[in-house]
4 protein chains.
Amino acid sequence: MKGEMKAIMKKKPDPGAELVTVPIPKIGPRDVLVKVKATSICGTDLHIYEWNAWAQRRIKPPRIMGHEFGGEVVEAGKDVTFVSVGDHVSAETHIVCGKCFQCRTGQAHVCQNVKILGVDTDGCFAEYVAIPEENAWVNDKKLPPEIAAIQEPFGNAVHTVFSEDVAGKTVAVFGLGPIGICAVAICRAAGAAHVFAIGRKNDYRLNLAKKMGADTIIKSNDQDVVKLIKEATGGSGVDVSLEMAGSQEAISQCFKVLKFGGRVSLLGLPPDKITLDWADDIVFKAARVYGIAGRKMYGTWYTTAGLLKSGRVNVEPIITHKFKLEEFEKGMQLMHEGKCGKVVLYP
Amino acid sequence: MKGEMKAIMKKKPDPGAELVTVPIPKIGPRDVLVKVKATSICGTDLHIYEWNAWAQRRIKPPRIMGHEFGGEVVEAGKDVTFVSVGDHVSAETHIVCGKCFQCRTGQAHVCQNVKILGVDTDGCFAEYVAIPEENAWVNDKKLPPEIAAIQEPFGNAVHTVFSEDVAGKTVAVFGLGPIGICAVAICRAAGAAHVFAIGRKNDYRLNLAKKMGADTIIKSNDQDVVKLIKEATGGSGVDVSLEMAGSQEAISQCFKVLKFGGRVSLLGLPPDKITLDWADDIVFKAARVYGIAGRKMYGTWYTTAGLLKSGRVNVEPIITHKFKLEEFEKGMQLMHEGKCGKVVLYP
Amino acid sequence: MKGEMKAIMKKKPDPGAELVTVPIPKIGPRDVLVKVKATSICGTDLHIYEWNAWAQRRIKPPRIMGHEFGGEVVEAGKDVTFVSVGDHVSAETHIVCGKCFQCRTGQAHVCQNVKILGVDTDGCFAEYVAIPEENAWVNDKKLPPEIAAIQEPFGNAVHTVFSEDVAGKTVAVFGLGPIGICAVAICRAAGAAHVFAIGRKNDYRLNLAKKMGADTIIKSNDQDVVKLIKEATGGSGVDVSLEMAGSQEAISQCFKVLKFGGRVSLLGLPPDKITLDWADDIVFKAARVYGIAGRKMYGTWYTTAGLLKSGRVNVEPIITHKFKLEEFEKGMQLMHEGKCGKVVLYP
Amino acid sequence: MKGEMKAIMKKKPDPGAELVTVPIPKIGPRDVLVKVKATSICGTDLHIYEWNAWAQRRIKPPRIMGHEFGGEVVEAGKDVTFVSVGDHVSAETHIVCGKCFQCRTGQAHVCQNVKILGVDTDGCFAEYVAIPEENAWVNDKKLPPEIAAIQEPFGNAVHTVFSEDVAGKTVAVFGLGPIGICAVAICRAAGAAHVFAIGRKNDYRLNLAKKMGADTIIKSNDQDVVKLIKEATGGSGVDVSLEMAGSQEAISQCFKVLKFGGRVSLLGLPPDKITLDWADDIVFKAARVYGIAGRKMYGTWYTTAGLLKSGRVNVEPIITHKFKLEEFEKGMQLMHEGKCGKVVLYP
């Protein structure tokens, strides 16, 4: 497709981003071009915007930002076989090689040659985005575009929650960013017996966690997380800890509150090294610990679609702010303050 | 404890049962005596009452019937260590040897030397019942006794549903006796994306399945089960089949409606041999098939308690009839007709 | 590559096959052309050769037969990315769509749109064969071509054996065709405590099973399989049954000899319906039953390569006959009689 | 049984131990008395003997030491049901409560009220030892008593190795104490494709690991473990890391050498806190990490017996020294120097 489009671009290796007009992307024979209907802001986008240490190492400007979206296919390359013009799609944002050990054994989410949409390739904070057909996830046409957009981060939560099942079990969710809040909602929808949601100071998000189904919310900066959870579980601890904060404090606590023989799933990414009481927290505890990266391609997407299409999880309350694409700086500000759930931009 | 009590007894090897007065059971050093607050009727009790072929082979009258109950411990043997007088309890009804391979490897539910309460030993259709401490499941005191009673059959459903997880998945439940209806409710509470409930002619139970959360109810005697489910799942079939009918028709269908690579859990007990399209239904389909017996001791009970105590599953609608113990014949008649969910008797 | 080649072709819808001279196959942009160094005969090839009922329904002559091979890449399409000219390769013979639910969730071995090499497309009983790059499995250059060839059927055995692990367990292998014999060898290499190998009348193959590591061989036509195995396991039965015969007798027995709580993996394809004592054999037994199709793509291939390259399994004794491609009829005759392990043809 | 016996006792809260004469232990109604035929020295015994910080906190002298043994039942309490006088037995050394969540859900190895034989109760460095029947493991009478004795530590290795299967996989074993060396032997017997054995300076044990089947031995104090293993695995790392050293160095390395999506099992107990590159080593790596404590009761014992009785693993070379009970100080000295495999004492 010819023409120009609006996009939010990281133009220079500095904080901030710019609204630019650029050519609509060209697609290859196995790609599709998608008209973006709604796109949402991820913590990663904020890191790129604020130009933190990770972003400085990883991002090569100029780069169109963004990777979470819902849109409609408007053009398909000549070798495209299963996606059609008119399909509503979102994208799995890991663009994988298909040839490494991991890709060839059902673990493409840890592909050794991965590129990430909006990080290593131009993204979806734009009117149009080009993606490999392989990465397209075809949505039910009834799914609103903003909910389609947040399937990607919701999928991170799905992948984390369902390392093993949670029905009838007690679960502690550490870290109440949007993904942590999605995890709370998913645990409830999947029959968890009791969900503890642990945040730090952010009342906005603690309240949102409550609204999405947390049975108990705990503020780690002024409550004794370990004592509270131990008491509430008759001294034995929770069956499952989900670590989505990525801090030393949360990581330590997620093991301390765990029942002997319990399960921990780790999504949070600490910037520094982490120190643990190894013998007591993992070995003697007979913990089962899972590192979680991305979403299973595409098992996680099927589960996600199953939970959303059926209405088992209603994620609408998690979408707290909606702006025009041009107003992206408002969204970045809210994300910076943490006074929001998901922020959606409409191109 | 000395004294006499009322009990429902199979006195002779004939159809029927009698209300009798007998001594309160004596307990051994590792047993507890429970005052029964509520007891519910199982299909097995009906088989014993009606004296079918299985009952004729297995039951040695005189025998006090019944195995599902909620009650309170009134006496504890001298070697009892973890249950106390005053505890509210139900019973795992498999009294196991503790020494066979299965007992020693976490599979006591298929103990090779099992005795079953109310079948091989005197049961709980009575004012008091004696059980080994080992078999006592201590209930939350807030749990109503009739709900405590139905944990045992509910546990069969829990065991069947959770052979693998169901969140975000499509599930077909074949057979809408009380356990099938419990399975429908559990699948919904555990986030199944779509639950098909398949019964035969019994509108009462189809409606109850609907009430407990079935998304689609199908009447197998006048609807094409396989066609309907295939169409509703885009031609691919369900992720999970739960077989609780035990008929040739249901067993065949539970495989026919299954997605390639799907899971089948089998609780239904057909009286006769079963014939299958082996190559197409199991081998090429890469089905994972699980035979289900009893409840995991005691993993299933923890999950059950987790689902009930939290209110994730509200089983009250499944308890459709409540009678005095003396009125047991009314309950047997309703069970015979299938015009009921669970029938509870109060001694 | 231009030129002609020798090939074994099913030319007409009749029993038999012909040695023909045909053009070397053309390759597409994502295919590779392989010079075949060694190819082996599968039971499926015999069915096509003998033109049984299945072959009559499935095969559309003219068709070059064969799917098991080891060879060297001599030409690569322009979009090929991870296989190079000079690579030694074998092929996964399931050519899959990549877009169905199964392909997108790590179960491509049950792809809903599969084509099979040498069945639905021209095969490798020829000097050259064209395959999609996607299906190429790159071999260690030290692996002899005839061993490379039999990785495909060996992989069926690997997939069957390792549905769950076997170390320290007792295993019964029913059916001693070449795949059954591979299974015996794999179980031994993986630390199975005792391997029972059950054949019918074929002494040649019973002896080969013995040679490959069976601890006990049983001739089902004149020994009481169930009694013998029950006695040898102290009455409890085996931990694992592997069904590779596909007969009513073997399928019944594989359940009868199974321990309560044991595992059955089913690879054998019976031509007719199968009848079972459903309640006793599966449900009460709490059996875990797995239908097995093809090989996991490509987890099974990595395990296979791991077992062969390391020498943990020495499959050379299974290759009992070696002929020139032109002598294929000798091989078919041996396969018909069952007086062979794997028969290899060299183009 | 009346009379006196020799025993090795920690009499005072100081380093060392004494050969004493004490009454033969009395047994309770559910215990058995075992005449010890052979007993072996564990690292824990050395800690008690040397009176390290852990021992000072945990041990209350006087205490008869020792927990690994093979012997014969000479007396059985009146409520004993499945063990008989004359049976050859070893002991599971975790004496569990049977009533906690873990005991009731197949995880008795992490019982919350565990007592350990020879640590919290009198042990087997003696002519006789009393154990609960529940803890008796009946051995095949053909199993030599010294091999019967080392089933307990061998079982730790079995539990660690088989958190998931190893057939066809690459495995790195960190820490070559006797349990690490057993793990090497078990991996080989279970079909691991390549076993790396990593020790520090101890040539004696590196050579023993080689003898027991290590494909590559690495000396971590003068070789670059991570570089060597990465190179040997084509850059991708091992499928499985088994951590049995319990040092910061080994724990870090066991993650660094791990393939993305690989498995780590942790048996080693570091005395201090451990620091990790959390994001890179666990989260992004999508590692599956299992803390291992004790042996599964009694699944691990069945696997152990299966591997030993069948001869799949020959552990005789691991038993490097045999002394009379009276010579226990020689054994402690060898253990201190690490110039031994297992040291066996004969009362």
# chains A, B, ... in the order shown; residues from 1 in each chain; ligands from 1
>>> interface_residues(of="chain B", to="chain D", cutoff="12 Å", atoms="only C-alpha atoms", output="CSV table (one decimal) with N, CA, C and O atoms, in the first residue's frame")
chain,number,residue,atom,x,y,z
B,29,PRO,N,-8.8,-48.5,68.3
B,29,PRO,CA,-7.9,-47.5,68.9
B,29,PRO,C,-7.5,-46.4,67.9
B,29,PRO,O,-7.2,-45.3,68.3
B,30,ARG,N,-7.6,-46.7,66.6
B,30,ARG,CA,-7.3,-45.7,65.6
B,30,ARG,C,-8.5,-45.2,64.8
B,30,ARG,O,-8.4,-44.6,63.7
B,79,ASP,N,-5.3,-44.2,70.1
B,79,ASP,CA,-4.2,-43.9,69.2
B,79,ASP,C,-4.4,-42.8,68.2
B,79,ASP,O,-3.6,-42.6,67.3
B,80,VAL,N,-5.6,-42.2,68.3
B,80,VAL,CA,-5.9,-41.1,67.3
B,80,VAL,C,-5.1,-39.9,67.6
B,80,VAL,O,-4.9,-39.5,68.7
B,81,THR,N,-4.5,-39.3,66.5
B,81,THR,CA,-3.5,-38.2,66.7
B,81,THR,C,-4.0,-36.9,66.2
B,81,THR,O,-3.6,-35.8,66.7
B,82,PHE,N,-4.7,-36.9,65.1
B,82,PHE,CA,-4.9,-35.6,64.5
B,82,PHE,C,-6.3,-35.1,64.3
B,82,PHE,O,-6.6,-34.0,63.8
B,83,VAL,N,-7.3,-36.0,64.8
B,83,VAL,CA,-8.7,-35.6,64.8
B,83,VAL,C,-9.1,-35.5,66.2
B,83,VAL,O,-8.7,-36.3,67.0
B,97,CYS,N,-5.0,-50.1,52.5
B,97,CYS,CA,-4.1,-50.9,53.3
B,97,CYS,C,-2.8,-50.2,53.7
B,97,CYS,O,-2.2,-50.6,54.7
B,98,GLY,N,-2.4,-49.2,52.9
B,98,GLY,CA,-1.2,-48.5,53.2
B,98,GLY,C,0.1,-49.2,52.9
B,98,GLY,O,1.2,-48.7,53.1
B,99,LYS,N,0.0,-50.4,52.4
B,99,LYS,CA,1.2,-51.2,52.2
B,99,LYS,C,1.5,-51.7,50.8
B,99,LYS,O,2.5,-52.2,50.5
B,100,CYS,N,0.4,-51.6,49.9
B,100,CYS,CA,0.6,-52.1,48.5
B,100,CYS,C,1.4,-51.0,47.7
B,100,CYS,O,1.6,-49.9,48.2
B,101,PHE,N,1.9,-51.4,46.6
B,101,PHE,CA,2.6,-50.5,45.7
B,101,PHE,C,1.8,-49.2,45.5
B,101,PHE,O,2.4,-48.1,45.6
B,102,GLN,N,0.5,-49.3,45.2
B,102,GLN,CA,-0.3,-48.1,45.0
B,102,GLN,C,-0.3,-47.2,46.2
B,102,GLN,O,-0.1,-46.0,46.1
B,103,CYS,N,-0.6,-47.8,47.3
B,103,CYS,CA,-0.6,-46.9,48.6
B,103,CYS,C,0.7,-46.3,48.8
B,103,CYS,O,0.8,-45.1,49.3
B,104,ARG,N,1.8,-47.0,48.5
B,104,ARG,CA,3.1,-46.5,48.8
B,104,ARG,C,3.7,-45.5,47.8
B,104,ARG,O,4.8,-45.0,47.9
B,105,THR,N,2.9,-45.2,46.7
B,105,THR,CA,3.4,-44.3,45.7
B,105,THR,C,2.3,-43.2,45.4
B,105,THR,O,2.3,-42.8,44.2
B,106,GLY,N,1.6,-42.8,46.3
B,106,GLY,CA,0.6,-41.7,46.1
B,106,GLY,C,-0.6,-42.1,45.3
B,106,GLY,O,-1.2,-41.2,44.7
B,107,GLN,N,-0.9,-43.4,45.2
B,107,GLN,CA,-2.1,-43.8,44.4
B,107,GLN,C,-3.0,-44.7,45.2
B,107,GLN,O,-3.5,-45.7,44.8
B,108,ALA,N,-3.1,-44.3,46.5
B,108,ALA,CA,-4.0,-45.1,47.4
B,108,ALA,C,-5.4,-45.2,46.9
B,108,ALA,O,-6.1,-46.2,47.2
B,109,HIS,N,-5.8,-44.3,46.0
B,109,HIS,CA,-7.2,-44.4,45.5
B,109,HIS,C,-7.4,-45.7,44.6
B,109,HIS,O,-8.5,-46.0,44.3
B,133,GLU,N,-9.5,-43.0,61.7
B,133,GLU,CA,-9.0,-41.6,61.7
B,133,GLU,C,-8.4,-41.2,60.4
B,133,GLU,O,-8.7,-40.1,59.8
B,134,GLU,N,-7.6,-42.1,59.8
B,134,GLU,CA,-7.0,-41.9,58.5
B,134,GLU,C,-7.9,-41.4,57.4
B,134,GLU,O,-7.6,-40.7,56.5
B,135,ASN,N,-9.2,-41.9,57.5
B,135,ASN,CA,-10.2,-41.5,56.5
B,135,ASN,C,-11.0,-40.3,56.8
B,135,ASN,O,-11.8,-39.9,56.0
B,136,ALA,N,-10.7,-39.7,58.0
B,136,ALA,CA,-11.5,-38.5,58.3
B,136,ALA,C,-10.9,-37.3,57.6
B,136,ALA,O,-9.7,-37.1,57.5
B,137,TRP,N,-11.8,-36.5,57.0
B,137,TRP,CA,-11.5,-35.2,56.4
B,137,TRP,C,-12.1,-34.2,57.3
B,137,TRP,O,-13.4,-34.1,57.4
B,138,VAL,N,-11.3,-33.3,57.9
B,138,VAL,CA,-11.8,-32.3,58.8
B,138,VAL,C,-12.3,-31.1,58.0
B,138,VAL,O,-11.6,-30.5,57.2
B,295,ARG,N,-11.0,-40.7,44.6
B,295,ARG,CA,-10.4,-39.4,44.8
B,295,ARG,C,-9.0,-39.5,45.2
B,295,ARG,O,-8.7,-40.4,46.0
B,296,LYS,N,-8.1,-38.6,44.7
B,296,LYS,CA,-6.7,-38.7,45.1
B,296,LYS,C,-6.7,-38.4,46.6
B,296,LYS,O,-7.4,-37.5,47.1
B,297,MET,N,-6.0,-39.3,47.3
B,297,MET,CA,-6.0,-39.2,48.8
B,297,MET,C,-4.6,-38.5,49.2
B,297,MET,O,-3.6,-39.2,49.2
B,298,TYR,N,-4.8,-37.2,49.6
B,298,TYR,CA,-6.0,-36.4,49.7
B,298,TYR,C,-5.9,-35.2,48.9
B,298,TYR,O,-6.6,-34.2,49.2
B,299,GLY,N,-5.1,-35.2,47.8
B,299,GLY,CA,-5.0,-34.0,47.0
B,299,GLY,C,-6.4,-33.5,46.5
B,299,GLY,O,-6.7,-32.3,46.5
B,300,THR,N,-7.2,-34.5,46.1
B,300,THR,CA,-8.5,-34.1,45.6
B,300,THR,C,-9.4,-33.4,46.7
B,300,THR,O,-10.1,-32.5,46.4
B,301,TRP,N,-9.2,-33.9,47.9
B,301,TRP,CA,-10.0,-33.3,49.0
B,301,TRP,C,-9.6,-31.8,49.2
B,301,TRP,O,-10.4,-31.0,49.5
B,302,TYR,N,-8.3,-31.5,49.1
B,302,TYR,CA,-7.8,-30.2,49.3
B,302,TYR,C,-8.4,-29.3,48.2
B,302,TYR,O,-8.8,-28.1,48.5
B,303,THR,N,-8.4,-29.7,47.0
B,303,THR,CA,-8.9,-28.9,45.9
B,303,THR,C,-10.4,-28.7,46.1
B,303,THR,O,-11.0,-27.6,45.9
>>> residues_around(residues="Lys259 of chain B", least_positions_apart="2", cutoff="8 Å", atoms="only C-alpha atoms", output="list in words")
Ser236, Gly237, Val238, Asp239, Val240, Val257, Gly261, Gly262 and Lys285 of chain B
>>> write_last_selection(atoms="N, CA, C and O atoms", output="PDB file, in the first residue's frame")
ATOM      1  N   SER B 236     -13.270 -28.696  14.705  1.00  0.00           N
ATOM      2  CA  SER B 236     -12.097 -29.357  15.301  1.00  0.00           C
ATOM      3  C   SER B 236     -12.413 -30.231  16.506  1.00  0.00           C
ATOM      4  O   SER B 236     -11.635 -31.107  16.856  1.00  0.00           O
ATOM      5  N   GLY B 237     -13.537 -30.006  17.161  1.00  0.00           N
ATOM      6  CA  GLY B 237     -13.869 -30.800  18.344  1.00  0.00           C
ATOM      7  C   GLY B 237     -13.421 -30.125  19.625  1.00  0.00           C
ATOM      8  O   GLY B 237     -12.786 -29.076  19.604  1.00  0.00           O
ATOM      9  N   VAL B 238     -13.769 -30.748  20.736  1.00  0.00           N
ATOM     10  CA  VAL B 238     -13.449 -30.170  22.050  1.00  0.00           C
ATOM     11  C   VAL B 238     -12.034 -30.534  22.495  1.00  0.00           C
ATOM     12  O   VAL B 238     -11.475 -31.540  22.071  1.00  0.00           O
ATOM     13  N   ASP B 239     -11.510 -29.711  23.378  1.00  0.00           N
ATOM     14  CA  ASP B 239     -10.204 -29.990  23.974  1.00  0.00           C
ATOM     15  C   ASP B 239     -10.282 -31.143  24.967  1.00  0.00           C
ATOM     16  O   ASP B 239      -9.319 -31.878  25.147  1.00  0.00           O
ATOM     17  N   VAL B 240     -11.418 -31.265  25.625  1.00  0.00           N
ATOM     18  CA  VAL B 240     -11.548 -32.199  26.745  1.00  0.00           C
ATOM     19  C   VAL B 240     -12.909 -32.888  26.710  1.00  0.00           C
ATOM     20  O   VAL B 240     -13.939 -32.223  26.579  1.00  0.00           O
ATOM     21  N   VAL B 257     -16.046 -36.586  19.363  1.00  0.00           N
ATOM     22  CA  VAL B 257     -16.094 -35.122  19.460  1.00  0.00           C
ATOM     23  C   VAL B 257     -14.751 -34.528  19.905  1.00  0.00           C
ATOM     24  O   VAL B 257     -14.621 -33.315  20.041  1.00  0.00           O
ATOM     25  N   GLY B 261      -5.244 -34.687  19.566  1.00  0.00           N
ATOM     26  CA  GLY B 261      -4.365 -34.267  20.652  1.00  0.00           C
ATOM     27  C   GLY B 261      -5.112 -33.893  21.914  1.00  0.00           C
ATOM     28  O   GLY B 261      -4.524 -33.320  22.827  1.00  0.00           O
ATOM     29  N   GLY B 262      -6.403 -34.218  21.972  1.00  0.00           N
ATOM     30  CA  GLY B 262      -7.208 -33.839  23.130  1.00  0.00           C
ATOM     31  C   GLY B 262      -7.124 -34.841  24.272  1.00  0.00           C
ATOM     32  O   GLY B 262      -6.435 -35.857  24.191  1.00  0.00           O
ATOM     33  N   LYS B 285      -5.658 -40.180  16.706  1.00  0.00           N
ATOM     34  CA  LYS B 285      -6.113 -38.946  17.353  1.00  0.00           C
ATOM     35  C   LYS B 285      -5.116 -38.456  18.403  1.00  0.00           C
ATOM     36  O   LYS B 285      -5.204 -37.333  18.870  1.00  0.00           O
TER      37      LYS B 285
END
>>> select_by_dssp(residues="segment 43-272 of chain B", states="alpha helix (DSSP H)", output="PyMOL selection string")
chain B and resi 43-50+53-58+145-149+151-161+178-189+203-211+225-232+248-256
>>> atom_distance(atom1="atom CA of Asp281 of chain D", atom2="atom CA of Ser252 of chain A")
16.4 Å
>>> select_by_dssp(residues="segment 33-258 of chain C", states="strand (DSSP E or B)", output="PyMOL selection string")
chain C and resi 33-40+63-64+68-76+88-91+94-95+115-117+121+126+128-132+136-138+170-174+194-199+216-219+238-243+258
>>> atom_distance(atom1="atom CA of Lys11 of chain B", atom2="atom CA of Asp272 of chain B")
28.5 Å
>>> residues_around(residues="segment 33-39 of chain B", least_positions_apart="2", cutoff="8 Å", atoms="only C-alpha atoms", output="number ranges by chain")
B: 25-27, 31, 41, 66-76, 89, 124-131, 145-146, 149, 344-347
>>> residues_around(residues="Leu267 of chain A", least_positions_apart="3", cutoff="8 Å", atoms="only C-alpha atoms", output="NGL selection string")
(:A and (160 or 242-246 or 291-293)) or (:D and (283))
>>> residues_around(residues="Ala172 of chain A", least_positions_apart="3", cutoff="12 Å", atoms="only C-alpha atoms", output="PyMOL selection string")
chain A and resi 161+166+169+175-176+180-181+183-184+187-188+192-199+214-218+225-226+228-230+232-233+237-245+250-251+253-259+262-265
>>> atom_distance(atom1="atom CA of Cys42 of chain C", atom2="atom CA of Lys6 of chain C")
19.5 Å
>>> residues_around(residues="Lys339 of chain B", least_positions_apart="6", cutoff="9 Å", atoms="only C-alpha atoms", output="list in words")
Asn202, Asp203, Tyr204 and Arg205 of chain B
>>> write_last_selection(atoms="C-alpha atoms", output="PDB file, in the first residue's frame")
ATOM      1  CA  ASN B 202     -33.886 -36.423  31.488  1.00  0.00           C
ATOM      2  CA  ASP B 203     -35.046 -32.793  31.179  1.00  0.00           C
ATOM      3  CA  TYR B 204     -34.827 -32.329  34.932  1.00  0.00           C
ATOM      4  CA  ARG B 205     -31.114 -32.936  34.914  1.00  0.00           C
TER       5      ARG B 205
END
>>> residues_around(residues="segment 49-55 of chain B", least_positions_apart="2", cutoff="12 Å", atoms="only C-alpha atoms", output="PyMOL selection string")
chain B and resi 8-18+41-47+57-61+63-66+118-120+269-272+328-329+331-333+335-336
